[in-house]
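This is protein.cif (mmCIF, C-alpha atoms).
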data_target
loop_
_atom_site.group_PDB
_atom_site.id
_atom_site.type_symbol
_atom_site.label_atom_id
_atom_site.label_comp_id
_atom_site.auth_asym_id
_atom_site.auth_seq_id
_atom_site.Cartn_x
_atom_site.Cartn_y
_atom_site.Cartn_z
ATOM 1 C CA GLY A 1 -17.727 -11.880 -22.046
ATOM 2 C CA GLY A 2 -20.147 -13.329 -24.574
ATOM 3 C CA GLY A 3 -20.253 -16.848 -25.974
ATOM 4 C CA PRO A 4 -18.740 -18.048 -29.254
ATOM 5 C CA ALA A 5 -19.599 -16.219 -32.449
ATOM 6 C CA ALA A 6 -21.658 -19.217 -33.631
ATOM 7 C CA GLU A 7 -24.257 -18.368 -30.983
ATOM 8 C CA SER A 8 -24.921 -14.885 -32.364
ATOM 9 C CA ALA A 9 -27.539 -16.273 -34.759
ATOM 10 C CA ASP A 10 -29.733 -17.050 -31.713
ATOM 11 C CA VAL A 11 -29.795 -13.429 -30.581
ATOM 12 C CA LEU A 12 -32.991 -11.638 -31.562
ATOM 13 C CA PRO A 13 -32.825 -8.505 -33.716
ATOM 14 C CA SER A 14 -32.906 -5.455 -31.419
ATOM 15 C CA GLN A 15 -36.206 -4.163 -32.831
ATOM 16 C CA VAL A 16 -37.958 -7.303 -31.509
ATOM 17 C CA THR A 17 -36.428 -6.775 -28.063
ATOM 18 C CA LEU A 18 -37.667 -3.180 -27.890
ATOM 19 C CA LYS A 19 -41.321 -4.160 -28.428
ATOM 20 C CA VAL A 20 -41.401 -6.312 -25.294
ATOM 21 C CA GLU A 21 -42.306 -4.747 -21.954
ATOM 22 C CA PHE A 22 -40.068 -5.643 -19.017
ATOM 23 C CA PRO A 23 -41.897 -8.677 -17.620
ATOM 24 C CA THR A 24 -41.716 -8.191 -13.866
ATOM 25 C CA THR A 25 -44.914 -10.092 -13.063
ATOM 26 C CA ILE A 26 -45.301 -13.830 -12.575
ATOM 27 C CA LEU A 27 -47.923 -15.004 -15.055
ATOM 28 C CA PRO A 28 -51.064 -16.646 -13.595
ATOM 29 C CA GLN A 29 -51.406 -20.421 -13.164
ATOM 30 C CA HIS A 30 -53.668 -20.980 -16.193
ATOM 31 C CA VAL A 31 -51.046 -19.341 -18.440
ATOM 32 C CA THR A 32 -48.083 -21.243 -16.997
ATOM 33 C CA ALA A 33 -50.005 -24.531 -17.305
ATOM 34 C CA SER A 34 -49.150 -24.353 -21.016
ATOM 35 C CA ALA A 35 -45.474 -23.915 -20.085
ATOM 36 C CA GLN A 36 -45.548 -27.334 -18.433
ATOM 37 C CA GLN A 37 -45.996 -28.832 -21.895
ATOM 38 C CA LEU A 38 -42.768 -27.132 -23.005
ATOM 39 C CA LEU A 39 -40.786 -29.177 -20.483
ATOM 40 C CA PRO A 40 -40.697 -32.980 -20.523
ATOM 41 C CA THR A 41 -42.296 -34.561 -17.427
ATOM 42 C CA SER A 42 -38.902 -35.989 -16.481
ATOM 43 C CA VAL A 43 -37.434 -32.459 -16.351
ATOM 44 C CA LEU A 44 -40.309 -31.121 -14.216
ATOM 45 C CA ARG A 45 -39.777 -34.037 -11.829
ATOM 46 C CA ASN A 46 -35.956 -34.083 -11.813
ATOM 47 C CA LEU A 47 -35.761 -30.362 -11.026
ATOM 48 C CA TYR A 48 -36.895 -31.186 -7.484
ATOM 49 C CA ASP A 49 -35.051 -34.521 -7.143
ATOM 50 C CA LYS A 50 -33.037 -34.837 -3.933
ATOM 51 C CA LEU A 51 -29.935 -35.710 -6.002
ATOM 52 C CA TYR A 52 -28.018 -32.652 -7.193
ATOM 53 C CA GLU A 53 -26.883 -34.448 -10.402
ATOM 54 C CA LYS A 54 -30.498 -34.963 -11.493
ATOM 55 C CA ARG A 55 -31.430 -31.354 -10.734
ATOM 56 C CA LYS A 56 -28.366 -30.183 -12.684
ATOM 57 C CA ALA A 57 -29.214 -32.361 -15.723
ATOM 58 C CA ALA A 58 -32.808 -31.073 -15.688
ATOM 59 C CA ALA A 59 -31.545 -27.471 -15.509
ATOM 60 C CA LEU A 60 -29.364 -28.025 -18.592
ATOM 61 C CA GLU A 61 -32.479 -29.150 -20.488
ATOM 62 C CA VAL A 62 -34.278 -25.994 -19.299
ATOM 63 C CA GLU A 63 -31.364 -23.952 -20.696
ATOM 64 C CA GLN A 64 -31.670 -25.595 -24.145
ATOM 65 C CA ILE A 65 -35.473 -25.173 -24.283
ATOM 66 C CA VAL A 66 -35.255 -21.494 -23.274
ATOM 67 C CA LYS A 67 -32.484 -20.971 -25.817
ATOM 68 C CA SER A 68 -34.545 -22.378 -28.685
ATOM 69 C CA LEU A 69 -37.667 -20.385 -27.637
ATOM 70 C CA ALA A 70 -35.689 -17.127 -27.317
ATOM 71 C CA GLY A 71 -33.904 -17.859 -30.608
ATOM 72 C CA ALA A 72 -37.279 -18.244 -32.328
ATOM 73 C CA GLY A 73 -38.482 -14.964 -30.818
ATOM 74 C CA ASP A 74 -41.152 -16.704 -28.733
ATOM 75 C CA LEU A 75 -40.669 -14.484 -25.681
ATOM 76 C CA HIS A 76 -44.214 -14.924 -24.392
ATOM 77 C CA ARG A 77 -43.604 -18.639 -23.879
ATOM 78 C CA VAL A 78 -40.216 -17.829 -22.303
ATOM 79 C CA HIS A 79 -42.089 -15.562 -19.861
ATOM 80 C CA ALA A 80 -44.560 -18.386 -19.109
ATOM 81 C CA LEU A 81 -41.757 -20.893 -18.512
ATOM 82 C CA LEU A 82 -39.842 -18.530 -16.217
ATOM 83 C CA SER A 83 -43.062 -17.777 -14.304
ATOM 84 C CA LEU A 84 -43.533 -21.515 -13.789
ATOM 85 C CA LEU A 85 -39.964 -21.849 -12.442
ATOM 86 C CA VAL A 86 -40.455 -18.901 -10.103
ATOM 87 C CA ARG A 87 -43.891 -19.751 -8.705
ATOM 88 C CA ASP A 88 -43.897 -23.556 -8.602
ATOM 89 C CA TYR A 89 -40.235 -24.016 -7.771
ATOM 90 C CA ALA A 90 -38.203 -21.020 -6.464
ATOM 91 C CA LEU A 91 -41.061 -19.818 -4.211
ATOM 92 C CA SER A 92 -42.300 -23.314 -3.265
ATOM 93 C CA PRO A 93 -42.742 -24.268 0.417
ATOM 94 C CA LEU A 94 -40.663 -27.416 -0.331
ATOM 95 C CA SER A 95 -36.898 -26.927 -0.076
ATOM 96 C CA ASN A 96 -35.940 -29.354 -2.896
ATOM 97 C CA HIS A 97 -38.317 -27.510 -5.222
ATOM 98 C CA ARG A 98 -36.679 -24.217 -4.192
ATOM 99 C CA LYS A 99 -33.205 -25.625 -4.953
ATOM 100 C CA GLY A 100 -34.450 -26.820 -8.366
ATOM 101 C CA GLY A 101 -36.040 -23.435 -9.050
ATOM 102 C CA LEU A 102 -32.775 -21.612 -8.336
ATOM 103 C CA ILE A 103 -30.646 -23.865 -10.522
ATOM 104 C CA GLY A 104 -33.346 -23.768 -13.238
ATOM 105 C CA LEU A 105 -33.537 -19.951 -13.259
ATOM 106 C CA ALA A 106 -29.742 -19.650 -13.476
ATOM 107 C CA ALA A 107 -29.711 -22.093 -16.410
ATOM 108 C CA ALA A 108 -32.552 -20.192 -18.090
ATOM 109 C CA THR A 109 -30.536 -16.943 -17.836
ATOM 110 C CA VAL A 110 -27.719 -18.578 -19.809
ATOM 111 C CA GLY A 111 -30.261 -19.824 -22.368
ATOM 112 C CA LEU A 112 -31.723 -16.340 -22.844
ATOM 113 C CA VAL A 113 -28.523 -15.202 -24.611
ATOM 114 C CA GLY A 114 -29.291 -11.616 -25.793
ATOM 115 C CA ASN A 115 -32.641 -11.262 -24.021
ATOM 116 C CA PHE A 116 -31.697 -11.857 -20.407
ATOM 117 C CA HIS A 117 -31.724 -8.148 -19.431
ATOM 118 C CA MET A 118 -35.480 -7.880 -20.010
ATOM 119 C CA PHE A 119 -36.246 -10.881 -17.799
ATOM 120 C CA LEU A 120 -33.894 -10.030 -14.924
ATOM 121 C CA PRO A 121 -36.614 -8.066 -13.015
ATOM 122 C CA LEU A 122 -38.663 -11.281 -12.984
ATOM 123 C CA ILE A 123 -35.955 -13.777 -12.026
ATOM 124 C CA VAL A 124 -33.566 -11.876 -9.715
ATOM 125 C CA PRO A 125 -36.018 -10.996 -6.845
ATOM 126 C CA PRO A 126 -36.932 -14.649 -6.017
ATOM 127 C CA VAL A 127 -33.202 -15.465 -5.857
ATOM 128 C CA LEU A 128 -32.555 -12.529 -3.510
ATOM 129 C CA ARG A 129 -35.466 -13.710 -1.368
ATOM 130 C CA SER A 130 -33.799 -17.125 -1.064
ATOM 131 C CA PHE A 131 -30.888 -15.569 0.851
ATOM 132 C CA ASP A 132 -33.184 -15.466 3.901
ATOM 133 C CA ASP A 133 -34.109 -19.146 3.536
ATOM 134 C CA THR A 134 -33.899 -21.258 6.698
ATOM 135 C CA ASP A 135 -32.294 -24.108 4.692
ATOM 136 C CA SER A 136 -28.566 -23.386 4.300
ATOM 137 C CA ARG A 137 -28.407 -25.430 1.061
ATOM 138 C CA VAL A 138 -31.044 -23.151 -0.476
ATOM 139 C CA ARG A 139 -28.958 -20.106 0.549
ATOM 140 C CA TYR A 140 -25.907 -21.794 -1.006
ATOM 141 C CA TYR A 141 -27.719 -22.455 -4.306
ATOM 142 C CA ALA A 142 -29.035 -18.883 -4.273
ATOM 143 C CA CYS A 143 -25.411 -17.654 -4.215
ATOM 144 C CA GLU A 144 -24.556 -19.999 -7.072
ATOM 145 C CA ALA A 145 -27.619 -18.930 -9.097
ATOM 146 C CA LEU A 146 -26.978 -15.219 -8.607
ATOM 147 C CA TYR A 147 -23.310 -15.725 -9.504
ATOM 148 C CA ASN A 148 -24.278 -17.351 -12.820
ATOM 149 C CA MET A 149 -26.836 -14.634 -13.553
ATOM 150 C CA ALA A 150 -24.421 -11.802 -12.751
ATOM 151 C CA LYS A 151 -21.691 -13.416 -14.858
ATOM 152 C CA VAL A 152 -23.999 -13.378 -17.896
ATOM 153 C CA ALA A 153 -25.633 -9.984 -17.236
ATOM 154 C CA ARG A 154 -22.499 -7.998 -16.181
ATOM 155 C CA ASP A 155 -23.383 -4.284 -16.369
ATOM 156 C CA ASP A 156 -27.141 -4.994 -16.667
ATOM 157 C CA PHE A 157 -26.851 -6.378 -13.141
ATOM 158 C CA VAL A 158 -25.794 -3.064 -11.567
ATOM 159 C CA VAL A 159 -29.444 -1.952 -11.175
ATOM 160 C CA PHE A 160 -29.831 -4.658 -8.499
ATOM 161 C CA PHE A 161 -26.674 -3.576 -6.669
ATOM 162 C CA ASN A 162 -28.331 -2.188 -3.499
ATOM 163 C CA ASP A 163 -30.313 -5.371 -2.872
ATOM 164 C CA VAL A 164 -27.356 -7.612 -3.719
ATOM 165 C CA PHE A 165 -25.038 -5.607 -1.459
ATOM 166 C CA ASP A 166 -27.543 -5.908 1.399
ATOM 167 C CA ALA A 167 -27.808 -9.657 0.851
ATOM 168 C CA LEU A 168 -24.006 -10.081 0.703
ATOM 169 C CA CYS A 169 -23.665 -8.065 3.888
ATOM 170 C CA LYS A 170 -25.940 -10.561 5.685
ATOM 171 C CA LEU A 171 -24.371 -13.604 4.042
ATOM 172 C CA SER A 172 -20.858 -12.544 5.072
ATOM 173 C CA ALA A 173 -21.919 -13.458 8.618
ATOM 174 C CA ASP A 174 -23.813 -16.652 7.649
ATOM 175 C CA VAL A 175 -23.615 -19.503 10.166
ATOM 176 C CA ASP A 176 -22.799 -22.000 7.393
ATOM 177 C CA PRO A 177 -19.162 -21.826 6.152
ATOM 178 C CA ASN A 178 -20.185 -23.188 2.718
ATOM 179 C CA VAL A 179 -22.640 -20.331 2.305
ATOM 180 C CA GLN A 180 -19.947 -17.877 3.453
ATOM 181 C CA ASN A 181 -17.534 -19.253 0.812
ATOM 182 C CA ALA A 182 -20.161 -19.081 -1.947
ATOM 183 C CA ALA A 183 -21.040 -15.520 -0.882
ATOM 184 C CA HIS A 184 -17.351 -14.616 -0.982
ATOM 185 C CA LEU A 185 -17.081 -15.757 -4.640
ATOM 186 C CA LEU A 186 -20.255 -13.840 -5.521
ATOM 187 C CA ASP A 187 -18.900 -10.758 -3.735
ATOM 188 C CA LYS A 188 -15.661 -10.939 -5.757
ATOM 189 C CA LEU A 189 -17.624 -11.070 -9.036
ATOM 190 C CA ILE A 190 -19.902 -8.164 -8.014
ATOM 191 C CA LYS A 191 -16.808 -6.095 -7.144
ATOM 192 C CA ASP A 192 -15.368 -6.835 -10.619
ATOM 193 C CA ILE A 193 -18.648 -5.821 -12.303
ATOM 194 C CA VAL A 194 -19.042 -2.637 -10.249
ATOM 195 C CA THR A 195 -15.464 -1.440 -10.737
ATOM 196 C CA GLU A 196 -15.869 -1.776 -14.533
ATOM 197 C CA SER A 197 -19.348 -0.227 -14.670
ATOM 198 C CA PRO A 198 -20.061 3.315 -15.851
ATOM 199 C CA ASN A 199 -23.520 3.035 -14.239
ATOM 200 C CA PHE A 200 -22.496 2.463 -10.623
ATOM 201 C CA ASP A 201 -24.046 5.058 -8.294
ATOM 202 C CA ILE A 202 -21.396 5.911 -5.669
ATOM 203 C CA GLU A 203 -23.753 8.300 -3.772
ATOM 204 C CA GLU A 204 -26.266 5.500 -3.196
ATOM 205 C CA PHE A 205 -23.482 3.156 -2.144
ATOM 206 C CA ILE A 206 -22.167 5.621 0.463
ATOM 207 C CA THR A 207 -25.664 5.833 1.999
ATOM 208 C CA LEU A 208 -25.801 2.020 2.257
ATOM 209 C CA LEU A 209 -22.273 1.881 3.640
ATOM 210 C CA ARG A 210 -22.994 4.465 6.329
ATOM 211 C CA GLN A 211 -26.000 2.466 7.568
ATOM 212 C CA ARG A 212 -24.113 -0.852 7.602
ATOM 213 C CA LEU A 213 -21.057 0.547 9.429
ATOM 214 C CA GLN A 214 -23.107 0.594 12.654
ATOM 215 C CA VAL A 215 -22.979 -3.243 12.707
ATOM 216 C CA ALA A 216 -20.425 -4.728 15.106
ATOM 217 C CA ASN A 217 -20.309 -8.244 13.580
ATOM 218 C CA PRO A 218 -16.651 -8.992 12.652
ATOM 219 C CA TYR A 219 -17.513 -10.674 9.317
ATOM 220 C CA VAL A 220 -19.712 -7.756 8.268
ATOM 221 C CA ARG A 221 -16.994 -5.285 9.264
ATOM 222 C CA GLN A 222 -14.376 -7.120 7.186
ATOM 223 C CA PHE A 223 -16.822 -7.192 4.271
ATOM 224 C CA LEU A 224 -17.383 -3.406 4.508
ATOM 225 C CA VAL A 225 -13.683 -2.509 4.795
ATOM 226 C CA SER A 226 -12.960 -4.668 1.734
ATOM 227 C CA TRP A 227 -15.541 -2.672 -0.271
ATOM 228 C CA ILE A 228 -14.057 0.654 0.856
ATOM 229 C CA ALA A 229 -10.579 -0.516 -0.198
ATOM 230 C CA VAL A 230 -11.741 -1.882 -3.588
ATOM 231 C CA LEU A 231 -13.673 1.257 -4.538
ATOM 232 C CA ASP A 232 -10.832 3.496 -3.361
ATOM 233 C CA SER A 233 -8.567 1.690 -5.851
ATOM 234 C CA VAL A 234 -10.810 2.620 -8.819
ATOM 235 C CA PRO A 235 -9.405 5.733 -10.569
ATOM 236 C CA ASP A 236 -12.866 7.026 -11.603
ATOM 237 C CA ILE A 237 -14.279 6.854 -8.063
ATOM 238 C CA ASP A 238 -13.254 9.512 -5.553
ATOM 239 C CA MET A 239 -13.782 7.871 -2.163
ATOM 240 C CA LEU A 240 -11.795 10.635 -0.459
ATOM 241 C CA GLU A 241 -14.561 13.111 -1.250
ATOM 242 C CA HIS A 242 -16.972 10.915 0.767
ATOM 243 C CA LEU A 243 -14.547 10.183 3.627
ATOM 244 C CA PRO A 244 -16.453 12.285 6.239
ATOM 245 C CA GLU A 245 -19.482 10.022 5.756
ATOM 246 C CA PHE A 246 -17.749 6.773 6.701
ATOM 247 C CA LEU A 247 -14.663 7.929 8.663
ATOM 248 C CA ASP A 248 -16.443 7.500 11.990
ATOM 249 C CA GLY A 249 -17.250 3.863 11.150
ATOM 250 C CA LEU A 250 -13.639 3.147 10.158
ATOM 251 C CA LEU A 251 -12.254 4.823 13.286
ATOM 252 C CA SER A 252 -14.531 2.780 15.561
ATOM 253 C CA MET A 253 -13.050 -0.372 14.020
ATOM 254 C CA LEU A 254 -9.615 0.581 15.399
ATOM 255 C CA SER A 255 -10.874 -0.541 18.806
ATOM 256 C CA ASP A 256 -12.447 -3.769 17.527
ATOM 257 C CA PRO A 257 -11.477 -6.844 19.621
ATOM 258 C CA ASN A 258 -10.594 -8.667 16.369
ATOM 259 C CA ARG A 259 -6.972 -7.972 15.362
ATOM 260 C CA ASP A 260 -7.579 -8.545 11.622
ATOM 261 C CA ILE A 261 -10.303 -5.906 11.586
ATOM 262 C CA ARG A 262 -8.115 -3.404 13.432
ATOM 263 C CA GLN A 263 -5.336 -3.993 10.879
ATOM 264 C CA GLN A 264 -7.668 -3.715 7.866
ATOM 265 C CA ALA A 265 -9.240 -0.487 9.170
ATOM 266 C CA ASP A 266 -5.769 0.897 9.927
ATOM 267 C CA ALA A 267 -4.571 0.019 6.404
ATOM 268 C CA ALA A 268 -7.617 1.708 4.815
ATOM 269 C CA LEU A 269 -7.126 4.846 6.921
ATOM 270 C CA GLY A 270 -3.409 4.797 6.023
ATOM 271 C CA GLU A 271 -4.319 4.741 2.305
ATOM 272 C CA PHE A 272 -6.588 7.780 2.707
ATOM 273 C CA LEU A 273 -3.910 9.631 4.687
ATOM 274 C CA GLY A 274 -1.391 8.876 1.920
ATOM 275 C CA GLU A 275 -3.812 10.237 -0.700
ATOM 276 C CA ILE A 276 -4.384 13.437 1.314
ATOM 277 C CA LYS A 277 -0.600 13.985 1.690
ATOM 278 C CA SER A 278 -0.077 13.374 -2.026
ATOM 279 C CA ILE A 279 -2.803 15.912 -2.943
ATOM 280 C CA GLN A 280 -1.288 18.474 -0.559
ATOM 281 C CA ARG A 281 2.232 17.954 -1.965
ATOM 282 C CA THR A 282 0.973 18.480 -5.514
ATOM 283 C CA ALA A 283 -0.959 21.573 -4.398
ATOM 284 C CA GLU A 284 2.047 23.033 -2.579
ATOM 285 C CA SER A 285 4.248 22.646 -5.644
ATOM 286 C CA LYS A 286 1.683 24.720 -7.557
ATOM 287 C CA HIS A 287 1.149 27.114 -4.589
ATOM 288 C CA ASP A 288 -2.516 26.061 -4.375
ATOM 289 C CA ILE A 289 -4.649 25.093 -1.411
ATOM 290 C CA VAL A 290 -6.686 21.965 -2.050
ATOM 291 C CA VAL A 291 -9.272 20.608 0.383
ATOM 292 C CA PRO A 292 -10.379 17.164 -0.878
ATOM 293 C CA PHE A 293 -13.294 16.888 1.599
ATOM 294 C CA ASP A 294 -15.218 18.676 4.343
ATOM 295 C CA VAL A 295 -12.427 19.160 6.921
ATOM 296 C CA LYS A 296 -14.703 20.746 9.550
ATOM 297 C CA SER A 297 -16.929 17.678 9.876
ATOM 298 C CA VAL A 298 -13.895 15.351 9.985
ATOM 299 C CA VAL A 299 -12.229 17.367 12.754
ATOM 300 C CA ALA A 300 -15.517 17.490 14.714
ATOM 301 C CA GLY A 301 -15.787 13.697 14.379
ATOM 302 C CA LEU A 302 -12.206 13.176 15.569
ATOM 303 C CA VAL A 303 -12.737 15.439 18.603
ATOM 304 C CA GLU A 304 -15.911 13.522 19.481
ATOM 305 C CA LYS A 305 -14.032 10.211 19.181
ATOM 306 C CA ALA A 306 -11.233 11.540 21.417
ATOM 307 C CA HIS A 307 -13.783 12.338 24.146
ATOM 308 C CA ASP A 308 -15.531 8.966 23.827
ATOM 309 C CA SER A 309 -14.290 6.876 26.740
ATOM 310 C CA ASP A 310 -15.066 3.577 24.950
ATOM 311 C CA GLU A 311 -12.796 4.210 21.973
#
Could you rewrite the structure in this file as structure tokens?
Amino acid sequence: GGGPAAESADVLPSQVTLKVEFPTTILPQHVTASAQQLLPTSVLRNLYDKLYEKRKAAALEVEQIVKSLAGAGDLHRVHALLSLLVRDYALSPLSNHRKGGLIGLAAATVGLVGNFHMFLPLIVPPVLRSFDDTDSRVRYYACEALYNMAKVARDDFVVFFNDVFDALCKLSADVDPNVQNAAHLLDKLIKDIVTESPNFDIEEFITLLRQRLQVANPYVRQFLVSWIAVLDSVPDIDMLEHLPEFLDGLLSMLSDPNRDIRQQADAALGEFLGEIKSIQRTAESKHDIVVPFDVKSVVAGLVEKAHDSDE
């Protein structure tokens, strides 16, 4: 939810917001040079300090400066400051700068109050890019930064769902357990946002899911089954209708060497079977015939599986 009512005075009138184009581009160096004057030298330096406490303190100052600029309606200077954080920090070849950039961008999102949605196209992509970083601490801070951004943006964040889902899919199998834990918390938040959102595109999700179900990694498989189960529990989303598209992937998990995955896949399939029986019972009581999905393709898939000697 939003902050305390006292903060509402900082939110710009909506007519000001509408005049501003979505700033997706990083402003050039000569423009962001002026943004350096907005931040005290100590903040610019502490953002890349090797001590987390110093980076955190610097980020809190960034939040306050962004908040006062946004509150005054000075969105051009906000754009310049964010461009500086993206180019000189988040995309820097130096890992401490990248960590500072991530924590700074997350803090800036909080400072933007009512204007964050217009700057998300500028600040989310560099964070997503950090999920491929070779430094596991950078990947960890990327999870933390994206978590803080998503928590503020809520439904405005759904437009980035495909990229975030892809990143989470990779991170679920990360070699670093700290990154895995951070990704797990981010995943939980994204599931909460998606299940409450009227703007979630289930068709697009099914396409992504179908592609990812080919992966044999046990962590990725657990991640995918958890998404199927969560979305199936949402009353407004009819996963049964899309069952033929991912049934094959679920069935192949029944022969996974990992017992947990076999059990999770079995439980998900059991849920769908229960739903089908319930629909049929209701239909029979009304003397109707209801087919909740394409039966032909499901039967064809099952026959193929039965003939497959590996399964």
Contact check, stretch 129-178 of chain A to stretch 115-119 of chain A, at most 9 Å, counting only C-alpha atoms, closest pairs as CSV:
residue,atom,partner,partner_atom,distance
A:Met149,CA,A:Phe116,CA,8.8
A:Val152,CA,A:Phe116,CA,8.2
A:Ala153,CA,A:His117,CA,6.7
A:Asp156,CA,A:His117,CA,6.2
A:Phe157,CA,A:His117,CA,8.2
- [ ] Using only C-alpha atoms, determine which residues lie at most 12 Å from A:Met239, disregarding the query and same-chain residues fewer than 3 positions distant; provide the list as a list in words.
- [x]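 Final neighbour list, sorted by chain and number: Ile202, Glu203, Phe205, Ile206, Leu209, Trp227, Ile228, Ala229, Val230, Leu231, Asp232, Ser233, Val234, Pro235, Asp236, His242, Leu243, Pro244, Glu245, Phe246, Leu247, Ala268, Leu269, Glu271, Phe272, Glu275, Ile276, Pro292 and Phe293 of chain A.
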TODO: For the structure provided, state which residues fall under the PyMOL selection byres ((chain A and resi 56-62) around 8), and present them as number ranges by chain.
DONE: A: 39, 42-44, 46-47, 52-55, 63-66, 100, 103-104, 107-108, 111
Open item on the list: For A:Arg212, find every residue with an atom within 9 Å (counting all atoms listed in the file), except residues of its own chain fewer than 5 positions away, and show them as a ChimeraX atom specification.
Closed with: /A:166,169,207,220-221,224
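The closest residue to A:Thr109, picked from A:Phe160, A:Phe200, A:Tyr147, A:Phe223 and counting all atoms listed in the file, is A:Tyr147.
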Task: Neighbour list for A:Ser95 as an MDAnalysis selection string, cut-off 10 Å, all atoms listed in the file, skip fewer than 5 positions in-chain - done: chainID A and resid 48 50 89:90 100:101 133:135 137:138
Open item on the list: Report, in Å with one decimal, the straight-line distance from atom CA of A:Arg87 to atom CA of A:Asp174.
Closed with: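 About the pair atom CA of A:Arg87 and atom CA of A:Asp174: they are 26.1 Å apart.
Applied to the file shown here, the PyMOL selection byres ((chain A and resi 27-37) around 10) selects the residues Pro23, Thr24, Thr25, Ile26, Leu38, Leu39, Pro40, Thr41, Val43, Leu44, Arg77, Val78, His79, Ala80, Leu81, Leu82, Ser83, Leu84, Leu85, Val86, Arg87 and Asp88 of chain A.
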Task: Best match for closeness to A:Ala145 among A:Leu213, A:Leu102, A:Leu168, A:Leu185, counting all atoms listed in the file - done: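 Between A:Leu213, A:Leu102, A:Leu168, A:Leu185, the residue approaching A:Ala145 most closely is A:Leu102.
One finds atom CA of A:Asn162 at 29.1 Å from atom CA of A:Ala70.
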